[in-house]
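Containing compact mmCIF, C-alpha atoms: run.txt.
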# COMPACT_ATOMS: atom_id res chain seq x y z
CA MET A 16 44.27 -44.99 -32.81
CA ARG A 17 41.15 -45.96 -30.95
CA THR A 18 40.65 -42.39 -29.84
CA ARG A 19 40.87 -41.14 -33.41
CA THR A 20 38.41 -43.76 -34.60
CA PHE A 21 35.99 -42.83 -31.83
CA ILE A 22 36.20 -39.15 -32.76
CA LEU A 23 35.59 -39.89 -36.44
CA CYS A 24 32.58 -42.05 -35.59
CA LEU A 25 31.20 -39.35 -33.33
CA LEU A 26 31.69 -36.74 -36.04
CA ALA A 27 29.91 -38.91 -38.60
CA LEU A 28 27.00 -39.42 -36.20
CA CYS A 29 26.75 -35.66 -35.69
CA LEU A 30 26.77 -35.00 -39.43
CA SER A 31 24.09 -37.61 -40.00
CA THR A 32 21.79 -36.10 -37.41
CA ILE A 33 22.52 -32.41 -38.01
CA ARG A 34 19.77 -32.31 -40.63
CA GLY A 35 17.25 -33.03 -37.92
CA TYR A 36 18.25 -29.95 -35.87
CA ALA A 37 18.77 -27.29 -38.55
CA SER A 38 15.35 -25.67 -38.21
CA GLY A 39 13.75 -22.95 -36.16
CA LEU A 40 10.97 -25.41 -35.34
CA GLY A 41 13.32 -27.70 -33.39
CA ASP A 42 14.28 -31.31 -33.92
CA PHE A 43 12.87 -32.72 -37.17
CA ARG A 44 12.62 -36.25 -35.84
CA VAL A 45 10.81 -35.31 -32.65
CA ASN A 46 8.35 -33.05 -34.46
CA ALA A 47 7.72 -35.64 -37.19
CA ARG A 48 7.15 -38.39 -34.62
CA PHE A 49 4.81 -36.23 -32.50
CA LEU A 50 2.75 -35.18 -35.52
CA THR A 51 2.62 -38.77 -36.83
CA ASP A 52 1.66 -40.12 -33.40
CA ARG A 53 -1.34 -37.78 -33.12
CA MET A 54 -2.44 -38.46 -36.72
CA ALA A 55 -2.31 -42.21 -36.12
CA PHE A 56 -4.27 -41.79 -32.90
CA GLU A 57 -7.09 -39.68 -34.36
CA LEU A 58 -7.31 -41.38 -37.79
CA HIS A 59 -6.93 -44.94 -36.41
CA LEU A 60 -4.03 -45.99 -38.68
CA ASN A 61 -2.27 -49.36 -38.82
CA SER A 62 1.47 -50.01 -38.41
CA ASN A 63 2.30 -49.76 -42.15
CA GLN A 64 0.50 -46.43 -42.42
CA TYR A 65 2.19 -45.24 -39.24
CA ASN A 66 5.70 -45.95 -40.58
CA ASP A 67 5.02 -44.44 -44.02
CA LEU A 68 3.38 -41.39 -42.47
CA TYR A 69 6.46 -40.75 -40.38
CA GLU A 70 8.64 -40.74 -43.51
CA ILE A 71 6.32 -38.28 -45.27
CA ASN A 72 6.20 -35.89 -42.32
CA TYR A 73 9.98 -36.11 -41.83
CA ASP A 74 10.66 -35.32 -45.51
CA PHE A 75 8.25 -32.41 -45.38
CA LEU A 76 9.89 -30.84 -42.31
CA CYS A 77 13.38 -31.36 -43.76
CA ASN A 78 12.41 -29.71 -47.06
CA ILE A 79 10.97 -26.60 -45.45
CA GLY A 80 13.82 -26.30 -42.93
CA PRO A 81 15.91 -23.82 -44.98
CA TYR A 82 12.83 -21.61 -45.50
CA VAL A 83 11.58 -21.37 -41.91
CA SER A 84 13.20 -18.00 -41.23
CA GLY A 85 11.70 -16.60 -44.46
CA ILE A 86 8.31 -18.12 -43.72
CA ALA A 87 8.29 -16.46 -40.30
CA VAL A 88 8.60 -12.99 -41.87
CA ALA A 89 6.13 -13.79 -44.70
CA ASP A 90 8.76 -13.82 -47.46
CA THR A 91 7.11 -14.56 -50.81
CA ARG A 92 9.73 -17.00 -52.10
CA ALA A 93 9.84 -18.89 -48.80
CA MET A 94 6.06 -19.20 -48.67
CA ASP A 95 5.92 -20.42 -52.28
CA ALA A 96 8.43 -23.13 -51.42
CA TYR A 97 6.52 -24.03 -48.26
CA TYR A 98 3.19 -24.50 -50.04
CA ARG A 99 4.85 -26.45 -52.83
CA TYR A 100 6.28 -28.97 -50.34
CA LEU A 101 3.02 -28.97 -48.40
CA ASP A 102 1.07 -29.92 -51.55
CA GLU A 103 3.59 -32.71 -52.26
CA ARG A 104 3.24 -34.00 -48.71
CA ASN A 105 -0.56 -33.96 -48.87
CA ASP A 106 -0.44 -35.69 -52.26
CA ASP A 107 1.79 -38.48 -50.86
CA LEU A 108 -0.69 -39.01 -48.05
CA ARG A 109 -3.42 -39.87 -50.60
CA TRP A 110 -1.66 -43.18 -51.31
CA VAL A 111 -1.13 -44.03 -47.65
CA LEU A 112 -4.54 -43.04 -46.22
CA SER A 113 -7.83 -44.47 -47.36
CA GLN A 114 -10.48 -42.22 -48.87
CA ALA A 115 -12.47 -41.95 -45.62
CA GLU A 116 -9.31 -41.32 -43.59
CA TYR A 117 -8.15 -38.66 -46.02
CA VAL A 118 -11.48 -36.82 -45.83
CA ARG A 119 -11.14 -36.67 -42.04
CA PHE A 120 -7.52 -35.57 -42.46
CA ILE A 121 -8.55 -32.58 -44.62
CA ASP A 122 -11.11 -31.44 -42.04
CA ILE A 123 -8.48 -31.28 -39.26
CA GLU A 124 -6.62 -28.00 -39.63
CA TYR A 125 -3.61 -28.86 -37.47
CA PHE A 126 -2.96 -31.93 -39.66
CA PHE A 127 -3.75 -30.53 -43.11
CA ARG A 128 -1.89 -27.20 -42.56
CA PRO A 129 0.49 -28.07 -39.73
CA ILE A 130 2.59 -24.85 -39.53
CA TYR A 131 1.66 -21.27 -38.78
CA ALA A 132 3.62 -18.13 -37.86
CA ILE A 133 2.91 -15.32 -35.44
CA ASN A 134 5.21 -12.47 -34.38
CA ASN A 135 7.90 -13.71 -36.79
CA VAL A 136 8.09 -17.18 -35.18
CA CYS A 137 6.92 -20.50 -36.69
CA TYR A 138 5.03 -23.09 -34.67
CA LEU A 139 3.35 -26.47 -35.14
CA ARG A 140 -0.42 -26.29 -34.71
CA VAL A 141 -0.60 -29.73 -33.18
CA TYR A 142 1.19 -28.44 -30.07
CA LYS A 143 -1.70 -26.07 -29.42
CA ILE A 144 -4.08 -29.04 -29.20
CA TYR A 145 -1.65 -31.38 -27.43
CA PRO A 146 0.59 -29.23 -25.20
CA ASN A 147 2.22 -32.23 -23.46
CA ARG A 148 5.15 -32.93 -25.80
CA THR A 149 6.56 -35.83 -23.83
CA HIS A 150 3.50 -38.08 -24.08
CA PHE A 151 3.14 -40.49 -27.05
CA TYR A 152 0.33 -42.93 -27.74
CA PHE A 153 2.56 -45.26 -29.78
CA GLY A 154 6.18 -46.27 -29.75
CA PRO A 155 8.74 -44.80 -32.15
CA PRO A 156 8.45 -45.80 -35.83
CA ARG A 157 10.40 -48.79 -37.06
CA HIS A 158 13.15 -46.70 -38.67
CA TYR A 159 12.95 -43.67 -36.37
CA LEU A 160 16.74 -43.28 -36.06
CA THR A 161 17.80 -44.70 -39.42
CA TYR A 162 15.57 -42.93 -41.94
CA ARG A 163 17.32 -39.96 -43.60
CA GLY A 164 15.03 -39.02 -46.47
CA GLY A 165 15.62 -41.98 -48.80
CA HIS A 166 11.99 -41.96 -50.03
CA CYS A 167 11.85 -38.23 -50.76
CA ARG A 168 10.61 -37.14 -54.19
CA ALA A 169 13.99 -35.60 -54.97
CA HIS A 170 15.43 -39.15 -55.28
CA PHE A 171 12.69 -40.28 -57.71
CA GLY A 172 12.56 -37.42 -60.20
CA GLY A 173 9.65 -35.66 -58.51
CA VAL A 174 7.44 -38.77 -58.56
CA SER A 175 5.82 -40.04 -55.37
CA TYR A 176 7.52 -43.15 -53.98
CA TYR A 177 4.30 -44.18 -52.22
CA ARG A 178 2.32 -43.99 -55.44
CA ARG A 179 4.76 -46.42 -57.09
CA ASN A 180 4.54 -48.87 -54.18
CA TYR A 181 0.84 -48.44 -53.50
CA PRO A 182 -0.40 -51.61 -55.33
CA ALA A 183 1.98 -53.85 -53.43
CA ARG A 184 1.24 -52.37 -50.01
CA TYR A 185 -2.31 -50.97 -49.93
CA HIS A 186 -5.60 -51.87 -51.52
CA HIS A 187 -7.96 -49.17 -50.23
CA PRO A 188 -9.70 -46.58 -52.45
CA VAL A 189 -7.66 -43.44 -53.09
CA TYR A 190 -8.91 -39.89 -52.64
CA SER A 191 -9.06 -38.55 -56.21
CA ARG A 192 -10.05 -34.88 -55.78
CA PRO A 193 -7.54 -32.00 -55.88
CA CYS A 194 -5.75 -31.67 -52.56
CA ARG A 195 -3.87 -28.39 -52.93
CA VAL A 196 -4.00 -25.74 -50.23
CA SER A 197 -5.97 -22.69 -51.27
CA PRO A 198 -3.94 -19.46 -51.72
CA GLN A 199 -6.48 -17.64 -49.53
CA MET A 200 -5.02 -19.50 -46.54
CA ARG A 201 -1.72 -17.60 -46.66
CA PRO A 202 -2.87 -14.58 -44.60
CA HIS A 203 -4.50 -16.99 -42.16
CA ASP A 204 -1.32 -19.05 -41.70
CA PHE A 205 1.33 -16.35 -41.83
CA ALA A 206 -0.32 -13.12 -40.78
CA GLY A 207 2.16 -10.52 -39.53
CA PRO A 208 1.78 -8.73 -36.20
CA ARG A 209 -0.84 -6.01 -36.13
CA PRO A 210 0.53 -2.84 -34.54
CA GLY A 211 -1.85 -1.15 -32.16
CA ASN A 212 -3.02 2.41 -32.67
CA ARG A 213 -2.47 3.31 -29.03
CA PRO A 214 0.89 3.42 -27.20
CA PRO A 215 1.54 0.79 -24.53
CA GLN A 216 -0.09 1.65 -21.25
CA LYS A 217 1.57 1.50 -17.85
CA PRO A 218 0.28 -1.07 -15.30
CA ASN A 219 -1.23 1.54 -12.97
CA TRP A 220 -2.32 3.94 -15.67
CA LYS A 221 -5.93 5.10 -15.56
CA PRO A 222 -7.61 7.39 -18.04
CA ALA A 223 -8.72 10.82 -16.82
CA PRO A 224 -12.44 11.06 -15.97
CA ARG A 225 -14.58 12.69 -18.54
CA PRO A 226 -16.39 15.94 -17.54
CA ASP A 227 -20.16 15.87 -17.21
CA ARG A 228 -20.56 18.94 -19.38
CA LYS A 229 -18.67 20.16 -22.34
CA PRO A 230 -16.35 23.09 -21.57
CA VAL A 231 -17.60 26.50 -22.70
CA SER A 232 -15.18 28.55 -24.73
CA VAL A 233 -14.54 31.97 -23.18
CA GLY A 234 -13.44 34.98 -25.18
CA ARG A 235 -13.84 33.27 -28.51
CA PRO A 236 -15.90 35.21 -31.06
CA ASN A 237 -18.97 33.58 -32.40
CA TYR A 238 -18.53 32.17 -35.80
CA ARG A 239 -20.57 33.73 -38.54
CA PRO A 240 -20.67 32.10 -41.92
CA PRO A 241 -19.79 34.35 -44.83
CA GLN A 242 -22.78 35.91 -46.50
CA HIS A 243 -23.19 35.23 -50.15
CA SER A 244 -24.32 37.81 -52.62
CA GLU A 245 -27.65 36.14 -53.10
CA HIS A 246 -28.46 36.46 -49.38
CA LYS A 247 -27.59 40.15 -49.03
CA PRO A 248 -30.50 42.46 -48.07
CA GLN A 249 -31.78 44.67 -50.88
CA ALA A 250 -31.11 48.40 -50.70
CA ARG A 251 -34.11 50.59 -49.86
CA PRO A 252 -35.21 52.60 -52.94
CA PRO A 253 -35.10 56.41 -52.57
CA HIS A 254 -38.35 58.32 -52.11
CA ASN A 255 -39.69 59.77 -55.34
CA PRO A 256 -42.90 61.82 -54.89
CA HIS A 257 -43.54 61.92 -58.62
CA LYS A 258 -44.07 58.24 -58.79
CA ASN A 259 -46.53 58.31 -55.92
CA PRO A 260 -48.74 61.41 -56.31
CA GLY A 261 -51.04 60.50 -53.43
CA PHE A 262 -48.18 60.39 -50.94
CA LYS A 263 -48.12 63.31 -48.41
CA PRO A 264 -45.32 63.48 -45.89
CA GLN A 265 -46.39 64.08 -42.34
CA GLU A 266 -45.56 67.50 -40.85
CA ARG A 267 -43.50 67.32 -37.75
CA PRO A 268 -44.40 69.81 -34.95
CA THR A 269 -41.73 72.41 -34.31
CA ARG A 270 -40.35 72.40 -30.84
CA ARG A 271 -40.50 75.86 -29.28
CA SER A 272 -38.20 76.92 -26.55
CA GLU A 273 -39.78 78.02 -23.30
CA VAL A 274 -40.06 81.88 -23.11
CA SER A 275 -40.58 83.76 -19.90
CA PRO A 276 -43.82 85.79 -19.62
CA ASP A 277 -41.83 89.06 -19.42
CA LYS A 278 -40.35 88.54 -22.81
CA MET A 279 -43.77 87.87 -24.27
CA ARG A 280 -45.12 91.36 -23.20
CA PRO A 281 -44.96 94.40 -25.49
CA LYS A 282 -41.99 96.78 -25.27
CA GLN A 283 -43.90 99.79 -23.73
CA ILE A 284 -45.44 97.67 -20.96
CA ARG A 285 -42.02 96.36 -20.12
CA GLU A 286 -40.57 99.85 -19.91
CA LYS A 287 -43.36 101.06 -17.54
CA SER A 288 -42.89 98.06 -15.32
CA ASN A 289 -39.20 98.78 -15.13
CA ILE A 290 -39.83 102.44 -14.12
CA LYS A 291 -42.21 101.39 -11.40
CA GLU A 292 -39.72 98.89 -10.13
CA LYS A 293 -37.04 101.59 -9.85
CA GLU A 294 -39.37 103.94 -7.97
CA ARG A 295 -40.24 101.19 -5.51
CA LYS A 296 -36.62 100.52 -4.84
CA SER A 297 -35.79 104.24 -4.28
CA LEU A 298 -38.72 104.61 -1.92
CA SER A 299 -37.56 101.66 0.07
CA LYS A 300 -34.12 103.24 0.46
CA ARG A 301 -35.57 106.45 1.86
CA LEU A 302 -37.59 104.71 4.44
Here is the file; what I need is its structure written in the form of structure tokens.
Amino acid sequence: MRTRTFILCLLALCLSTIRGYASGLGDFRVNARFLTDRMAFELHLNSNQYNDLYEINYDFLCNIGPYVSGIAVADTRAMDAYYRYLDERNDDLRWVLSQAEYVRFIDIEYFFRPIYAINNVCYLRVYKIYPNRTHFYFGPPRHYLTYRGGHCRAHFGGVSYYRRNYPARYHHPVYSRPCRVSPQMRPHDFAGPRPGNRPPQKPNWKPAPRPDRKPVSVGRPNYRPPQHSEHKPQARPPHNPHKNPGFKPQERPTRRSEVSPDKMRPKQIREKSNIKEKERKSLSKRL
């Protein structure tokens, strides 16, 4: 009997705390306490503000828990839900923080917009500024282990619980300007990974050295742009002597072939010379 009772109690404790671990960001309670601890340290808050601030941060992280996976991949519906709960959280803080404290809160990015995503993973910005997650400036809030979202807006018809209890708990001036996050911050908070244009390089890879001179193409014909009709040379007009009466063509000298002096002599002289030549030859034979 005792064993069964112990198991039932352990199961109830697990069910009561499972809400704090159902997020890709980690434990809701630890993240809410760490964020509240750093806000109380930088904004110089008192104990009442510290306890109320923990409730607001815890409710905010619990509300966005089901949408973390969609927020990481920049899903439109998940981001709409995230910014709706973020605006409600920032509006609740107006009744807990004074006007001067709220102005400083808006100027601190890792408090005003606490979550961002990169490479399809969500993170808390405050961990970038304070990487030591085990160090706390203050002790745990008064109801660190017992609070389970009892002051969330869902239990009060969408009305802020801290606005209803503000006159009985606080008396400082309230920040009255609009406190919604600008839609232009969405690409800054949840920008997807930017693929590189170049393939991944090996560790020992080195680019090839560039040549000093540009290579000369060999065997490639020179490019000639096509000639248009307007750039074609004009045809030479034919010669017409009637149109130019003063024109006289130059006479070209005829080229005469070289003629031996024998051929230039008259026919009778050539015959006599031939007879004499025959007589000389016959005389030479006799001798």
Pick the closest to Met54 (chain A) from A:Ser113, A:Met94, A:Phe126, A:Pro182: which is it, counting all atoms listed in the file?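 With all atoms listed in the file as the atom set, the closest residue is A:Phe126.
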Option closest in space to Tyr176 (chain A), from A:Arg195, A:His203, A:Arg157, A:Arg109 [counting all atoms listed in the file]: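 Among A:Arg195, A:His203, A:Arg157, A:Arg109, it is A:Arg109 that comes nearest to Tyr176 (chain A).
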Would you kindly return, as a list in words, each protein, DNA or RNA residue with an atom no farther than 10 Å from any atom of Tyr152 (chain A), considering all atoms listed in the file and excluding same-chain residues fewer than 4 positions away?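 Counting only the stated atoms, we get Phe49, Asp52, Arg53, Ala55 and Phe56 of chain A.
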Return the single residue from A:Val141, A:Leu68, A:Leu101, A:Val136 that is closest to Ser84 (chain A), with distances computed using only C-alpha atoms.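 Under the stated criterion, the closest residue is A:Val136.
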Interatomic distance, CA of Phe171 (chain A) to CA of Glu70 (chain A) (Å, one decimal):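 Computed distance, CA of Phe171 (chain A) to CA of Glu70 (chain A), equals 14.8 Å.
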Calculated over all atoms listed in the file, which of the candidates A:Arg163, A:Arg119, A:His186, A:Arg140 has the smallest distance to His59 (chain A)? A:Arg119
Calculate how many Å separate CA of Arg128 (chain A) from CA of Pro155 (chain A), rounding to one decimal. 23.0 Å
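Residues with at least one atom no more than 9 Å from (3.8, -27.1, -41.0), using all atoms listed in the file, are Phe75, Leu76, Ile79, Tyr97, Leu101, Tyr125, Phe126, Phe127, Arg128, Pro129, Ile130, Tyr131, Cys137, Tyr138, Leu139 and Arg140 of chain A.
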Up to 9 Å from (5.7, -36.8, -45.0) in the file's coordinates: name the residues, counting only C-alpha atoms, as a list in words.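 Protein and nucleic acid residues near the point are Ala47, Thr51, Asp67, Leu68, Tyr69, Glu70, Ile71, Asn72, Tyr73, Asp74, Phe75, Leu76, Leu101, Glu103, Arg104, Asn105, Asp107, Leu108 and Cys167 of chain A.
If only C-alpha atoms are the atoms counted, then among A:Leu50, A:Tyr181, A:Ala96, A:Asp106 the closest residue to Tyr145 (chain A) is A:Leu50.
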Å distance separating CA of Ser191 (chain A) from CA of His166 (chain A), one decimal place: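 So the answer is 22.2 Å.
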Go through A:Gln114, A:Ile121, A:Asp42, A:Phe153 one by one, measure the shortest atom-to-atom distance of each to Ser62 (chain A) using all atoms listed in the file, and give the residue with the smallest value.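 Going through A:Gln114, A:Ile121, A:Asp42, A:Phe153 one by one, the smallest distance to Ser62 (chain A) is for A:Phe153.
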